[in-house]
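What follows is final.tsv (TSV, C-alpha atoms).
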chain	number	residue	atom	x	y	z
A	1	MET	CA	-18.92	26.91	24.05
A	2	ILE	CA	-15.56	25.18	23.53
A	3	PRO	CA	-15.69	22.47	20.82
A	4	SER	CA	-15.01	18.85	21.67
A	5	LEU	CA	-13.48	15.90	19.86
A	6	ALA	CA	-15.86	13.68	21.81
A	7	THR	CA	-18.90	14.93	19.89
A	8	ALA	CA	-17.37	15.79	16.50
A	9	LYS	CA	-18.69	13.59	13.70
A	10	ARG	CA	-16.07	14.41	11.07
A	11	ILE	CA	-12.49	15.24	12.06
A	12	VAL	CA	-9.45	16.19	9.98
A	13	ILE	CA	-6.10	15.57	11.71
A	14	LYS	CA	-2.92	17.15	10.37
A	15	ILE	CA	0.45	15.68	11.31
A	16	GLY	CA	3.70	17.41	10.43
A	17	SER	CA	7.03	15.98	9.31
A	18	ALA	CA	8.76	16.85	12.58
A	19	LEU	CA	6.33	14.55	14.42
A	20	ILE	CA	6.23	11.57	12.11
A	21	VAL	CA	9.93	11.37	11.12
A	22	ASP	CA	12.68	10.44	13.57
A	23	PRO	CA	15.53	12.90	12.84
A	24	ALA	CA	18.15	10.42	14.07
A	25	THR	CA	17.13	7.63	11.69
A	26	ALA	CA	15.07	9.46	9.02
A	27	ALA	CA	12.47	6.70	9.48
A	28	PRO	CA	8.85	6.84	10.65
A	29	ARG	CA	8.39	6.92	14.44
A	30	MET	CA	6.31	3.75	14.41
A	31	ASP	CA	5.66	3.49	18.16
A	32	TRP	CA	4.38	7.06	18.26
A	33	LEU	CA	2.37	6.49	15.09
A	34	ARG	CA	0.71	3.43	16.63
A	35	GLY	CA	-0.40	5.61	19.54
A	36	VAL	CA	-1.96	8.08	17.10
A	37	VAL	CA	-3.72	5.22	15.32
A	38	ASP	CA	-5.00	3.94	18.68
A	39	ASP	CA	-6.60	7.36	19.13
A	40	ILE	CA	-8.03	7.32	15.61
A	41	ALA	CA	-9.47	3.85	16.17
A	42	ALA	CA	-11.14	5.05	19.38
A	43	LEU	CA	-12.77	7.96	17.52
A	44	ALA	CA	-13.84	5.70	14.66
A	45	GLY	CA	-15.21	3.20	17.16
A	46	ARG	CA	-17.75	5.74	18.39
A	47	GLY	CA	-18.78	6.56	14.82
A	48	ALA	CA	-16.57	9.51	13.93
A	49	GLU	CA	-15.18	9.85	10.39
A	50	ILE	CA	-11.45	10.62	10.29
A	51	ILE	CA	-9.27	12.12	7.58
A	52	VAL	CA	-5.51	12.40	8.07
A	53	VAL	CA	-3.32	14.98	6.35
A	54	SER	CA	0.21	13.69	6.79
A	55	SER	CA	3.52	15.31	5.94
A	56	GLY	CA	6.79	13.41	5.91
A	57	ALA	CA	7.38	12.08	2.40
A	58	ILE	CA	10.32	14.33	1.56
A	59	ALA	CA	11.89	13.98	5.00
A	60	LEU	CA	11.69	10.18	4.83
A	61	ALA	CA	13.66	10.04	1.57
A	62	ARG	CA	16.30	12.75	1.98
A	63	ARG	CA	18.93	10.59	3.64
A	64	GLN	CA	18.17	7.57	1.46
A	65	LEU	CA	18.82	9.67	-1.66
A	66	GLY	CA	21.79	11.53	-0.20
A	67	LEU	CA	19.94	14.86	-0.28
A	68	ASN	CA	21.39	16.28	2.90
A	69	GLY	CA	21.62	19.94	1.96
A	70	ALA	CA	19.87	22.51	4.13
A	71	LYS	CA	17.65	23.60	1.24
A	72	LEU	CA	16.57	21.38	-1.64
A	73	ARG	CA	15.87	22.49	-5.19
A	74	LEU	CA	12.32	21.94	-6.44
A	75	ASP	CA	13.38	18.99	-8.60
A	76	GLU	CA	15.16	17.41	-5.61
A	77	LYS	CA	12.02	17.84	-3.48
A	78	GLN	CA	9.94	16.22	-6.19
A	79	ALA	CA	12.33	13.27	-6.45
A	80	ALA	CA	12.38	12.83	-2.67
A	81	ALA	CA	8.59	13.03	-2.52
A	82	ALA	CA	8.26	10.29	-5.16
A	83	VAL	CA	10.41	7.95	-3.05
A	84	GLY	CA	9.26	9.00	0.41
A	85	GLN	CA	5.56	8.87	-0.35
A	86	ILE	CA	5.78	5.09	-0.68
A	87	ARG	CA	7.37	4.76	2.76
A	88	LEU	CA	4.84	7.16	4.28
A	89	ALA	CA	1.87	5.30	2.79
A	90	GLN	CA	3.26	1.98	3.95
A	91	ALA	CA	3.62	3.26	7.52
A	92	TRP	CA	0.02	4.44	7.61
A	93	ALA	CA	-1.37	1.34	5.91
A	94	GLU	CA	0.50	-0.95	8.32
A	95	THR	CA	-0.52	0.82	11.52
A	96	LEU	CA	-4.14	1.38	10.50
A	97	SER	CA	-4.54	-2.25	9.40
A	98	GLU	CA	-3.42	-3.35	12.86
A	99	LYS	CA	-6.66	-1.75	14.10
A	100	SER	CA	-8.71	-3.22	11.22
A	101	LEU	CA	-8.90	0.16	9.51
A	102	THR	CA	-8.36	0.64	5.79
A	103	ALA	CA	-6.01	3.40	4.65
A	104	ALA	CA	-6.69	5.25	1.39
A	105	GLN	CA	-4.06	7.51	-0.14
A	106	LEU	CA	-4.86	10.78	-1.92
A	107	LEU	CA	-2.27	13.18	-3.34
A	108	ILE	CA	-3.61	16.69	-3.89
A	109	THR	CA	-2.19	19.86	-5.43
A	110	LEU	CA	-3.24	23.45	-4.89
A	111	ASP	CA	-4.88	23.41	-8.31
A	112	ASP	CA	-7.08	20.50	-7.24
A	113	THR	CA	-8.74	22.70	-4.62
A	114	GLU	CA	-8.71	26.00	-6.57
A	115	ASP	CA	-10.40	24.57	-9.69
A	116	ARG	CA	-14.10	24.15	-8.97
A	117	ARG	CA	-14.63	20.92	-10.95
A	118	ARG	CA	-11.56	19.18	-9.52
A	119	TYR	CA	-12.52	20.41	-6.05
A	120	LEU	CA	-15.95	18.80	-6.37
A	121	ASN	CA	-14.42	15.57	-7.71
A	122	ALA	CA	-12.01	15.38	-4.78
A	123	ARG	CA	-14.86	16.03	-2.35
A	124	ALA	CA	-16.94	13.24	-3.91
A	125	THR	CA	-14.03	10.80	-3.65
A	126	LEU	CA	-13.44	11.65	0.00
A	127	SER	CA	-17.14	11.32	0.82
A	128	THR	CA	-17.27	7.89	-0.82
A	129	LEU	CA	-14.16	6.69	1.02
A	130	LEU	CA	-15.60	7.82	4.36
A	131	SER	CA	-18.90	6.11	3.61
A	132	LEU	CA	-16.96	2.90	3.01
A	133	GLY	CA	-15.27	3.15	6.39
A	134	CYS	CA	-11.82	4.10	5.08
A	135	VAL	CA	-9.34	6.53	6.65
A	136	PRO	CA	-8.12	8.79	3.83
A	137	VAL	CA	-4.47	9.82	4.23
A	138	ILE	CA	-3.75	12.97	2.23
A	139	ASN	CA	-0.53	14.71	1.32
A	140	GLU	CA	0.38	17.41	-1.15
A	141	ASN	CA	1.42	15.93	-4.48
A	142	ASP	CA	4.96	17.32	-4.24
A	143	SER	CA	6.28	15.04	-6.99
A	144	VAL	CA	4.38	16.97	-9.67
A	145	ALA	CA	3.44	20.34	-8.15
A	146	THR	CA	5.49	23.31	-9.36
A	147	ALA	CA	6.51	26.22	-7.17
A	148	GLU	CA	3.60	28.25	-8.51
A	149	ILE	CA	0.91	25.66	-7.68
A	150	ARG	CA	2.09	24.41	-4.29
A	151	TYR	CA	0.60	24.88	-0.89
A	152	GLY	CA	4.09	24.52	0.51
A	153	ASP	CA	2.72	23.42	3.87
A	154	ASN	CA	0.09	20.96	4.99
A	155	ASP	CA	-1.57	23.30	7.50
A	156	ARG	CA	-3.38	25.15	4.73
A	157	LEU	CA	-3.99	21.97	2.77
A	158	ALA	CA	-5.61	20.43	5.85
A	159	ALA	CA	-7.82	23.49	6.25
A	160	ARG	CA	-8.95	23.28	2.64
A	161	VAL	CA	-9.72	19.58	3.10
A	162	ALA	CA	-11.70	20.36	6.27
A	163	GLU	CA	-13.65	23.00	4.38
A	164	MET	CA	-14.14	20.64	1.43
A	165	VAL	CA	-15.68	17.83	3.50
A	166	GLN	CA	-17.51	20.15	5.94
A	167	ALA	CA	-15.57	18.79	8.92
A	168	ASP	CA	-16.62	19.64	12.45
A	169	VAL	CA	-13.05	19.87	13.76
A	170	LEU	CA	-9.61	20.41	12.28
A	171	LEU	CA	-6.84	19.31	14.64
A	172	LEU	CA	-3.32	20.52	13.88
A	173	LEU	CA	-0.81	18.40	15.80
A	174	SER	CA	2.29	20.50	16.25
A	175	ASP	CA	5.49	20.95	18.24
A	176	ILE	CA	3.74	23.57	20.37
A	177	ASP	CA	0.63	23.33	22.56
A	178	GLY	CA	-1.21	26.23	21.01
A	179	LEU	CA	-1.07	29.93	20.27
A	180	TYR	CA	0.88	32.29	22.51
A	181	THR	CA	0.94	36.07	22.65
A	182	ALA	CA	4.53	35.81	21.36
A	183	ASP	CA	6.95	33.03	20.42
A	184	PRO	CA	7.56	31.30	23.79
A	185	ARG	CA	10.97	30.11	22.57
A	186	LYS	CA	12.07	33.74	22.37
A	187	THR	CA	9.75	35.33	24.93
A	188	PRO	CA	9.60	33.16	28.08
A	189	ASP	CA	6.81	35.21	29.66
A	190	ALA	CA	4.51	34.85	26.62
A	191	SER	CA	0.96	33.87	27.60
A	192	HIS	CA	-0.89	30.85	26.23
A	193	ILE	CA	-4.27	31.60	24.62
A	194	PRO	CA	-6.73	28.73	25.24
A	195	VAL	CA	-9.60	30.01	23.05
A	196	VAL	CA	-9.74	32.40	20.10
A	197	PRO	CA	-13.40	33.35	19.57
A	198	VAL	CA	-12.69	35.56	16.53
A	199	LEU	CA	-9.62	35.98	14.38
A	200	THR	CA	-8.45	39.59	14.43
A	201	PRO	CA	-5.41	41.48	13.10
A	202	GLU	CA	-4.00	41.32	16.62
A	203	ILE	CA	-4.24	37.52	16.61
A	204	ASP	CA	-2.71	37.33	13.13
A	205	ALA	CA	0.22	39.44	14.34
A	206	MET	CA	1.11	36.69	16.83
A	207	GLY	CA	2.26	34.37	14.03
A	208	GLY	CA	6.02	33.86	14.13
A	209	GLU	CA	8.65	32.53	11.77
A	210	PRO	CA	8.70	28.88	10.61
A	211	PRO	CA	10.54	26.55	13.00
A	212	PRO	CA	13.90	25.01	12.05
A	213	GLY	CA	14.29	21.44	10.86
A	214	TYR	CA	11.92	19.44	8.69
A	215	SER	CA	8.86	21.63	9.24
A	216	SER	CA	7.82	24.12	6.56
A	217	GLY	CA	4.92	25.72	8.38
A	218	GLY	CA	5.03	27.56	11.68
A	219	MET	CA	2.38	29.53	13.52
A	220	ARG	CA	1.84	31.93	10.64
A	221	THR	CA	0.55	29.20	8.32
A	222	LYS	CA	-1.56	27.75	11.15
A	223	LEU	CA	-3.33	31.09	11.50
A	224	VAL	CA	-3.98	31.13	7.74
A	225	ALA	CA	-5.44	27.65	8.17
A	226	ALA	CA	-7.59	28.93	11.03
A	227	HIS	CA	-9.08	31.61	8.77
A	228	ILE	CA	-9.99	29.04	6.11
A	229	ALA	CA	-11.43	26.50	8.56
A	230	THR	CA	-13.38	28.82	10.83
A	231	GLN	CA	-14.91	30.73	7.90
A	232	ALA	CA	-16.21	27.36	6.70
A	233	GLY	CA	-17.89	26.70	10.06
A	234	CYS	CA	-15.19	24.29	11.27
A	235	ALA	CA	-13.58	24.54	14.71
A	236	MET	CA	-9.80	24.25	14.77
A	237	ALA	CA	-7.34	23.28	17.49
A	238	ILE	CA	-3.55	23.58	17.68
A	239	ALA	CA	-2.16	20.98	20.07
A	240	LEU	CA	1.10	19.36	21.10
A	241	GLY	CA	1.63	16.27	18.99
A	242	GLY	CA	4.89	14.78	20.19
A	243	ARG	CA	3.53	13.12	23.32
A	244	PRO	CA	2.11	9.57	23.29
A	245	ASN	CA	-1.56	9.32	22.27
A	246	PRO	CA	-1.80	13.06	21.55
A	247	ILE	CA	-5.40	12.98	20.31
A	248	ALA	CA	-6.64	11.20	23.41
A	249	ALA	CA	-4.86	13.83	25.49
A	250	ILE	CA	-6.88	16.58	23.79
A	251	SER	CA	-10.11	14.60	24.28
A	252	LYS	CA	-9.32	14.53	28.00
A	253	GLY	CA	-8.91	18.31	28.16
A	254	GLY	CA	-5.21	18.61	27.39
A	255	LYS	CA	-3.72	22.05	26.83
A	256	CYS	CA	-4.33	23.47	23.35
A	257	THR	CA	-5.77	26.49	21.57
A	258	TRP	CA	-9.29	26.28	20.12
A	259	PHE	CA	-10.38	28.58	17.29
A	260	LEU	CA	-14.16	28.86	17.25
A	261	PRO	CA	-16.08	28.54	13.97
A	262	ALA	CA	-17.67	31.62	12.47
A	263	PRO	CA	-21.30	31.53	13.61
A	264	GLU	CA	-22.81	32.76	10.35
A	265	GLY	CA	-21.21	30.13	8.13
A	266	ARG	CA	-21.30	30.35	4.34
A	267	SER	CA	-22.77	28.51	1.40
A	268	ALA	CA	-20.54	25.81	-0.08
A	269	ARG	CA	-19.80	27.94	-3.14
A	270	LYS	CA	-18.92	31.05	-1.14
A	271	THR	CA	-16.80	28.99	1.25
A	272	TRP	CA	-14.84	27.74	-1.76
A	273	ILE	CA	-14.38	31.30	-3.04
A	274	ALA	CA	-13.23	32.55	0.36
A	275	GLY	CA	-10.78	29.68	0.75
A	276	HIS	CA	-8.82	30.45	-2.43
A	277	LEU	CA	-5.10	30.75	-1.71
A	278	ALA	CA	-4.05	31.94	-5.14
A	279	PRO	CA	-6.12	35.00	-6.18
A	280	GLN	CA	-5.03	36.16	-9.61
A	281	GLY	CA	-5.18	39.91	-9.00
A	282	THR	CA	-6.65	42.80	-7.05
A	283	LEU	CA	-9.28	45.47	-7.58
A	284	THR	CA	-8.93	48.63	-5.50
A	285	ILE	CA	-12.27	50.38	-4.98
A	286	ASP	CA	-13.46	53.72	-3.66
A	287	ALA	CA	-15.33	54.36	-0.42
A	288	GLY	CA	-18.73	54.42	-2.10
A	289	ALA	CA	-18.22	51.01	-3.67
A	290	ALA	CA	-16.94	49.60	-0.36
A	291	LYS	CA	-20.09	50.84	1.37
A	292	ALA	CA	-22.27	49.32	-1.35
A	293	LEU	CA	-20.57	45.93	-0.92
A	294	ALA	CA	-21.13	46.08	2.83
A	295	ASN	CA	-24.83	46.65	2.13
A	296	GLY	CA	-25.04	43.53	-0.07
A	297	SER	CA	-24.57	45.00	-3.54
A	298	SER	CA	-22.50	43.67	-6.43
A	299	LEU	CA	-19.23	45.34	-7.40
A	300	LEU	CA	-19.70	47.66	-10.38
A	301	PRO	CA	-16.79	48.88	-12.55
A	302	ALA	CA	-17.66	52.50	-11.76
A	303	GLY	CA	-16.29	52.11	-8.24
A	304	ILE	CA	-12.95	50.58	-9.25
A	305	LYS	CA	-9.92	52.84	-8.87
A	306	ALA	CA	-7.12	50.43	-9.83
A	307	VAL	CA	-6.63	46.98	-11.38
A	308	SER	CA	-3.60	44.80	-10.66
A	309	GLY	CA	-2.55	41.33	-11.82
A	310	THR	CA	-3.42	39.16	-14.81
A	311	PHE	CA	-6.72	37.30	-14.67
A	312	GLY	CA	-9.39	35.85	-16.91
A	313	ARG	CA	-13.16	35.74	-16.64
A	314	GLY	CA	-14.21	33.62	-13.68
A	315	ASP	CA	-10.87	33.92	-11.87
A	316	PRO	CA	-10.71	34.84	-8.16
A	317	VAL	CA	-9.45	38.31	-7.23
A	318	ASP	CA	-9.13	40.22	-3.98
A	319	VAL	CA	-11.01	43.49	-3.48
A	320	LEU	CA	-9.08	46.16	-1.59
A	321	ASN	CA	-10.22	49.43	-0.10
A	322	GLN	CA	-8.22	52.59	-0.71
A	323	ALA	CA	-6.13	51.91	2.40
A	324	GLY	CA	-4.96	48.70	0.76
A	325	LEU	CA	-6.87	46.38	3.10
A	326	ARG	CA	-8.58	43.29	1.67
A	327	ILE	CA	-12.33	43.59	2.23
A	328	ALA	CA	-13.68	40.95	-0.17
A	329	ARG	CA	-12.86	38.21	-2.66
A	330	GLY	CA	-14.84	37.25	-5.71
A	331	LEU	CA	-14.99	35.80	-9.21
A	332	VAL	CA	-14.69	38.42	-11.95
A	333	THR	CA	-16.82	38.64	-15.10
A	334	TYR	CA	-14.14	40.48	-17.12
A	335	THR	CA	-10.46	39.85	-17.88
A	336	SER	CA	-7.78	42.05	-16.34
A	337	ASP	CA	-7.30	43.92	-19.64
A	338	GLU	CA	-11.05	44.54	-19.95
A	339	ALA	CA	-11.30	45.54	-16.30
A	340	ALA	CA	-8.54	48.12	-16.73
A	341	VAL	CA	-10.43	49.67	-19.66
A	342	ILE	CA	-13.85	49.94	-17.98
A	343	ALA	CA	-12.65	50.77	-14.44
A	344	GLY	CA	-14.35	53.98	-13.30
A	345	HIS	CA	-16.95	53.83	-16.06
A	346	ARG	CA	-20.70	53.19	-16.06
A	347	SER	CA	-22.31	50.26	-17.84
A	348	GLU	CA	-23.66	52.38	-20.68
A	349	ASP	CA	-20.04	53.12	-21.70
A	350	PHE	CA	-18.92	49.48	-21.95
A	351	GLU	CA	-19.85	48.84	-25.58
A	352	ALA	CA	-17.99	51.89	-26.83
A	353	LEU	CA	-14.93	51.04	-24.72
A	354	LEU	CA	-14.79	47.28	-25.30
A	355	GLY	CA	-16.63	46.74	-28.56
A	356	PHE	CA	-19.27	44.62	-26.81
A	357	ARG	CA	-21.76	44.97	-23.97
A	358	GLY	CA	-20.99	42.53	-21.18
A	359	ARG	CA	-22.45	42.20	-17.71
A	360	ASP	CA	-23.09	45.30	-15.65
A	361	GLU	CA	-21.21	43.86	-12.65
A	362	MET	CA	-17.48	43.29	-12.32
A	363	ILE	CA	-18.28	40.81	-9.53
A	364	HIS	CA	-21.85	39.70	-8.92
A	365	ARG	CA	-22.87	39.56	-5.27
A	366	ASP	CA	-23.54	35.81	-5.61
A	367	ASP	CA	-19.83	35.39	-6.47
A	368	LEU	CA	-18.57	37.74	-3.75
A	369	VAL	CA	-17.45	37.05	-0.18
A	370	LEU	CA	-16.85	39.82	2.35
A	371	PHE	CA	-14.14	39.59	5.01
This entry written out as structure tokens:
Amino acid sequence: MIPSLATAKRIVIKIGSALIVDPATAAPRMDWLRGVVDDIAALAGRGAEIIVVSSGAIALARRQLGLNGAKLRLDEKQAAAAVGQIRLAQAWAETLSEKSLTAAQLLITLDDTEDRRRYLNARATLSTLLSLGCVPVINENDSVATAEIRYGDNDRLAARVAEMVQADVLLLLSDIDGLYTADPRKTPDASHIPVVPVLTPEIDAMGGEPPPGYSSGGMRTKLVAAHIATQAGCAMAIALGGRPNPIAAISKGGKCTWFLPAPEGRSARKTWIAGHLAPQGTLTIDAGAAKALANGSSLLPAGIKAVSGTFGRGDPVDVLNQAGLRIARGLVTYTSDEAAVIAGHRSEDFEALLGFRGRDEMIHRDDLVLF
């Protein structure tokens, strides 16, 4: 069954810089934005809760600050974000207030969604704002985020927000009306895909390069977002955003690509583990350990063939099979140095190898998510 905006109770809408910023004036496209807000007001009027993830801060300030180079340094991006975020927030506050809706601004970093306590705090804030009838407008906190702790695109941020608030639908408004078998700008006979029931390696291979201009995403990051959202039980749509009233157009059956939510769903904790975008390392395991994981067992050090990366206890790591394919993600009970020492060994050897007897499992099954 294809999802519908008409019945969704909680919707996250992502809007990219190329849609919200007029390239000729480097100002917000206010007429277009008012059409989007008309659509949001219509959804809110029937009882839906709406969260907006809006790009555009850096693009709005580049010309004002004389930052016209093709590629900005990190410090230049941070400066532009600090100036442009004010203009972006004002545009949203003005247009939403015209429909008697209250805008609330949240700036989030990658760390805010990777750290469990901060993730829960952000979720509580969003839930409270929605209960008060506000429309949260979220952007990445580019003015303070370093290169190592940035999403770098709002597609994945929007997916993490959708997972965080257990949204029914994530709508990515884009410069393209969905997923194609190949980039239609380069392959004119590429076919549009209206529904993706399950994400597969073949679907992932259809992601292209990021588009030119203000955008930093592209289809590749949208497919990453689709993995995060659908694994959390949230449907996702990629739709053309540049037309007037783009959300209403989708509600009326406009052309787009729907990604169906995974039917099994996950617990909130395991959804958070699966959604991590910055695993700290990898554990390569043998065939026997891979089979044991598939049967619901924990990961024991005896089955580990190789340890890579630097991680501490409780950090997320990816689990790879011997072909190098990611088969799981989990939270480790040993540091990377300790893991390298006990890899391939049984639990009775741990005390002699480490000087203490820790847990038998490298990753307990309660802290493990299979892909």
- request: Calculate how many Å separate CA of Ile363 (chain A) from CA of Gly330 (chain A), rounding to one decimal.
  value: 6.3 Å
field: Distance criterion (only C-alpha atoms): nearest to Pro201 (chain A) out of A:Ser54, A:Ala159, A:Arg326, A:Asp315
entry: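 Going through A:Ser54, A:Ala159, A:Arg326, A:Asp315 one by one, the smallest distance to Pro201 (chain A) is for A:Arg326.
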- request: Skip region 178-181 of chain A itself and residues of its chain fewer than 4 positions away, then list as a ChimeraX atom specification all residues within 6 Å of it, counting all atoms listed in the file.
  value: /A:190-193,206,238-239,256-257
Residue neighbourhood Arg359 (chain A), 9 Å, all atoms listed in the file, exclusion window fewer than 4 positions, as a PDB file with C-alpha atoms, keeping the file's coordinate frame:
ATOM      1  CA  THR A 333     -16.820  38.640 -15.100  1.00  0.00           C
ATOM      2  CA  TYR A 334     -14.140  40.480 -17.120  1.00  0.00           C
ATOM      3  CA  SER A 347     -22.310  50.260 -17.840  1.00  0.00           C
TER       4      SER A 347
END
Neighbour list for region 13-21 of chain A as a PDB file with C-alpha atoms, in the frame of the given file, cut-off 7 Å, all atoms listed in the file, skip fewer than 5 positions in-chain:
ATOM      1  CA  ALA A  26      15.070   9.460   9.020  1.00  0.00           C
ATOM      2  CA  ALA A  27      12.470   6.700   9.480  1.00  0.00           C
ATOM      3  CA  PRO A  28       8.850   6.840  10.650  1.00  0.00           C
ATOM      4  CA  ARG A  29       8.390   6.920  14.440  1.00  0.00           C
ATOM      5  CA  ILE A  51      -9.270  12.120   7.580  1.00  0.00           C
ATOM      6  CA  VAL A  52      -5.510  12.400   8.070  1.00  0.00           C
ATOM      7  CA  VAL A  53      -3.320  14.980   6.350  1.00  0.00           C
ATOM      8  CA  SER A  54       0.210  13.690   6.790  1.00  0.00           C
ATOM      9  CA  SER A  55       3.520  15.310   5.940  1.00  0.00           C
ATOM     10  CA  GLY A  56       6.790  13.410   5.910  1.00  0.00           C
ATOM     11  CA  ALA A  59      11.890  13.980   5.000  1.00  0.00           C
ATOM     12  CA  LEU A  60      11.690  10.180   4.830  1.00  0.00           C
ATOM     13  CA  ASP A 155      -1.570  23.300   7.500  1.00  0.00           C
ATOM     14  CA  ALA A 158      -5.610  20.430   5.850  1.00  0.00           C
ATOM     15  CA  LEU A 170      -9.610  20.410  12.280  1.00  0.00           C
ATOM     16  CA  LEU A 171      -6.840  19.310  14.640  1.00  0.00           C
ATOM     17  CA  LEU A 172      -3.320  20.520  13.880  1.00  0.00           C
ATOM     18  CA  LEU A 173      -0.810  18.400  15.800  1.00  0.00           C
ATOM     19  CA  SER A 174       2.290  20.500  16.250  1.00  0.00           C
ATOM     20  CA  TYR A 214      11.920  19.440   8.690  1.00  0.00           C
ATOM     21  CA  SER A 215       8.860  21.630   9.240  1.00  0.00           C
ATOM     22  CA  GLY A 241       1.630  16.270  18.990  1.00  0.00           C
ATOM     23  CA  GLY A 242       4.890  14.780  20.190  1.00  0.00           C
TER      24      GLY A 242
END
- prompt: Quick one, how far is CA of Leu277 (chain A) from CA of Gly69 (chain A)?
  reply: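 Computing the Euclidean distance for CA of Leu277 (chain A) and CA of Gly69 (chain A) yields 29.1 Å.
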- prompt: Pick from A:Thr200, A:Thr282, A:Thr271, A:Asn321: nearest to Thr113 (chain A), with only C-alpha atoms counted?
  reply: A:Thr271
- request: Would you please work out which residue, of A:Ile304, A:Ile247, A:Met362, A:Val341, is nearest to Ala41 (chain A) when using all atoms listed in the file?
  value: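 When distances to Ala41 (chain A) are compared using all atoms listed in the file, the smallest one comes from A:Ile247.
Using all atoms listed in the file for every distance, the candidate list A:Gly47, A:Pro136, A:Pro194, A:Gly218 yields A:Pro194 as the residue closest to Pro3 (chain A).
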Using only C-alpha atoms: which of A:Val36, A:Cys134, A:Ile108, A:Met236 has the shortest distance to Ile11 (chain A):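 Among the listed residues, the smallest separation from Ile11 (chain A) belongs to A:Met236.
The gap separating CA of Phe311 (chain A) from CA of Asp75 (chain A) is 27.9 Å, in Å to one decimal.
Those residues that approach Ala262 (chain A) to within 8 Å, counting all atoms listed in the file, are Val198, Thr230, Gln231, Ala232, Gly233 and Cys234 of chain A; same-chain residues fewer than 5 positions away are not listed.
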message: Can you tell me which residues surround Ala104 (chain A) at a distance of at most 12 Å, considering only C-alpha atoms, apart from same-chain residues fewer than 3 positions away, and format the answer as a PyMOL selection string?
response: chain A and resi 50-53+89-90+92-94+96-97+101+107+125-126+128-130+132-139
I'd like a table as CSV: residues in region 203-293 of chain A with an atom no more than 12 Å from region 160-167 of chain A, each row giving the shortest atom pair and its distance in Å to one decimal, all atoms listed in the file counted, sorted by chain and rising residue number.
residue,atom,partner,partner_atom,distance
A:Val224,CA,A:Arg160,CA,10.6
A:Ala225,CA,A:Arg160,CA,7.9
A:Ala226,CA,A:Arg160,CA,10.2
A:His227,CA,A:Arg160,CA,10.3
A:Ile228,CA,A:Arg160,CA,6.8
A:Ala229,CA,A:Glu163,CA,5.9
A:Thr230,CA,A:Glu163,CA,8.7
A:Gln231,CA,A:Glu163,CA,8.6
A:Ala232,CA,A:Glu163,CA,5.6
A:Gly233,CA,A:Gln166,CA,7.7
A:Cys234,CA,A:Ala167,CA,6.0
A:Ala235,CA,A:Ala167,CA,8.4
A:Met236,CA,A:Ala162,CA,9.5
A:Pro261,CA,A:Ala167,CA,11.0
A:Gly265,CA,A:Gln166,CA,10.9
A:Arg266,CA,A:Glu163,CA,10.6
A:Ser267,CA,A:Gln166,CA,10.9
A:Ala268,CA,A:Met164,CA,8.4
A:Arg269,CA,A:Met164,CA,10.3
A:Lys270,CA,A:Glu163,CA,11.1
A:Thr271,CA,A:Glu163,CA,7.5
A:Trp272,CA,A:Met164,CA,7.8
A:Ile273,CA,A:Glu163,CA,11.2
A:Ala274,CA,A:Glu163,CA,10.4
A:Gly275,CA,A:Arg160,CA,6.9
A:His276,CA,A:Arg160,CA,8.8
A:Leu277,CA,A:Arg160,CA,9.5
message: So, with all atoms listed in the file as the atoms that count, which of A:Met1, A:Leu223, A:Leu65, A:Ile58 lies closest to Gln78 (chain A)?
response: A:Ile58
task: List every protein, DNA or RNA residue with an atom no more than 8 Å from (-14.7, 43.4, 3.0) in the file's coordinates, counting all atoms listed in the file, and format the result as a PyMOL selection string.
output: chain A and resi 290+293-294+319-320+326-329+369-371
Please, can region 29-35 of chain A be completed to N, CA, C and O atoms and returned as an mmCIF file, in the coordinates of the input?
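Ended up saving to result_27.cif:
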data_model
loop_
_atom_site.group_PDB
_atom_site.id
_atom_site.type_symbol
_atom_site.label_atom_id
_atom_site.label_comp_id
_atom_site.auth_asym_id
_atom_site.auth_seq_id
_atom_site.Cartn_x
_atom_site.Cartn_y
_atom_site.Cartn_z
ATOM 1 N N ARG A 29 8.426 7.235 13.008
ATOM 2 C CA ARG A 29 8.390 6.920 14.440
ATOM 3 C C ARG A 29 7.191 5.990 14.680
ATOM 4 O O ARG A 29 6.107 6.430 15.049
ATOM 5 N N MET A 30 7.410 4.711 14.447
ATOM 6 C CA MET A 30 6.310 3.750 14.410
ATOM 7 C C MET A 30 5.594 3.613 15.752
ATOM 8 O O MET A 30 4.365 3.473 15.787
ATOM 9 N N ASP A 31 6.320 3.621 16.863
ATOM 10 C CA ASP A 31 5.660 3.490 18.160
ATOM 11 C C ASP A 31 4.730 4.679 18.408
ATOM 12 O O ASP A 31 3.600 4.508 18.877
ATOM 13 N N TRP A 32 5.208 5.863 18.096
ATOM 14 C CA TRP A 32 4.380 7.060 18.260
ATOM 15 C C TRP A 32 3.179 6.987 17.308
ATOM 16 O O TRP A 32 2.051 7.305 17.693
ATOM 17 N N LEU A 33 3.438 6.564 16.081
ATOM 18 C CA LEU A 33 2.370 6.490 15.090
ATOM 19 C C LEU A 33 1.294 5.495 15.519
ATOM 20 O O LEU A 33 0.091 5.747 15.324
ATOM 21 N N ARG A 34 1.704 4.394 16.140
ATOM 22 C CA ARG A 34 0.710 3.430 16.630
ATOM 23 C C ARG A 34 -0.164 4.048 17.719
ATOM 24 O O ARG A 34 -1.355 3.742 17.821
ATOM 25 N N GLY A 35 0.408 4.918 18.534
ATOM 26 C CA GLY A 35 -0.400 5.610 19.540
ATOM 27 C C GLY A 35 -1.425 6.526 18.904
ATOM 28 O O GLY A 35 -2.581 6.603 19.359
#
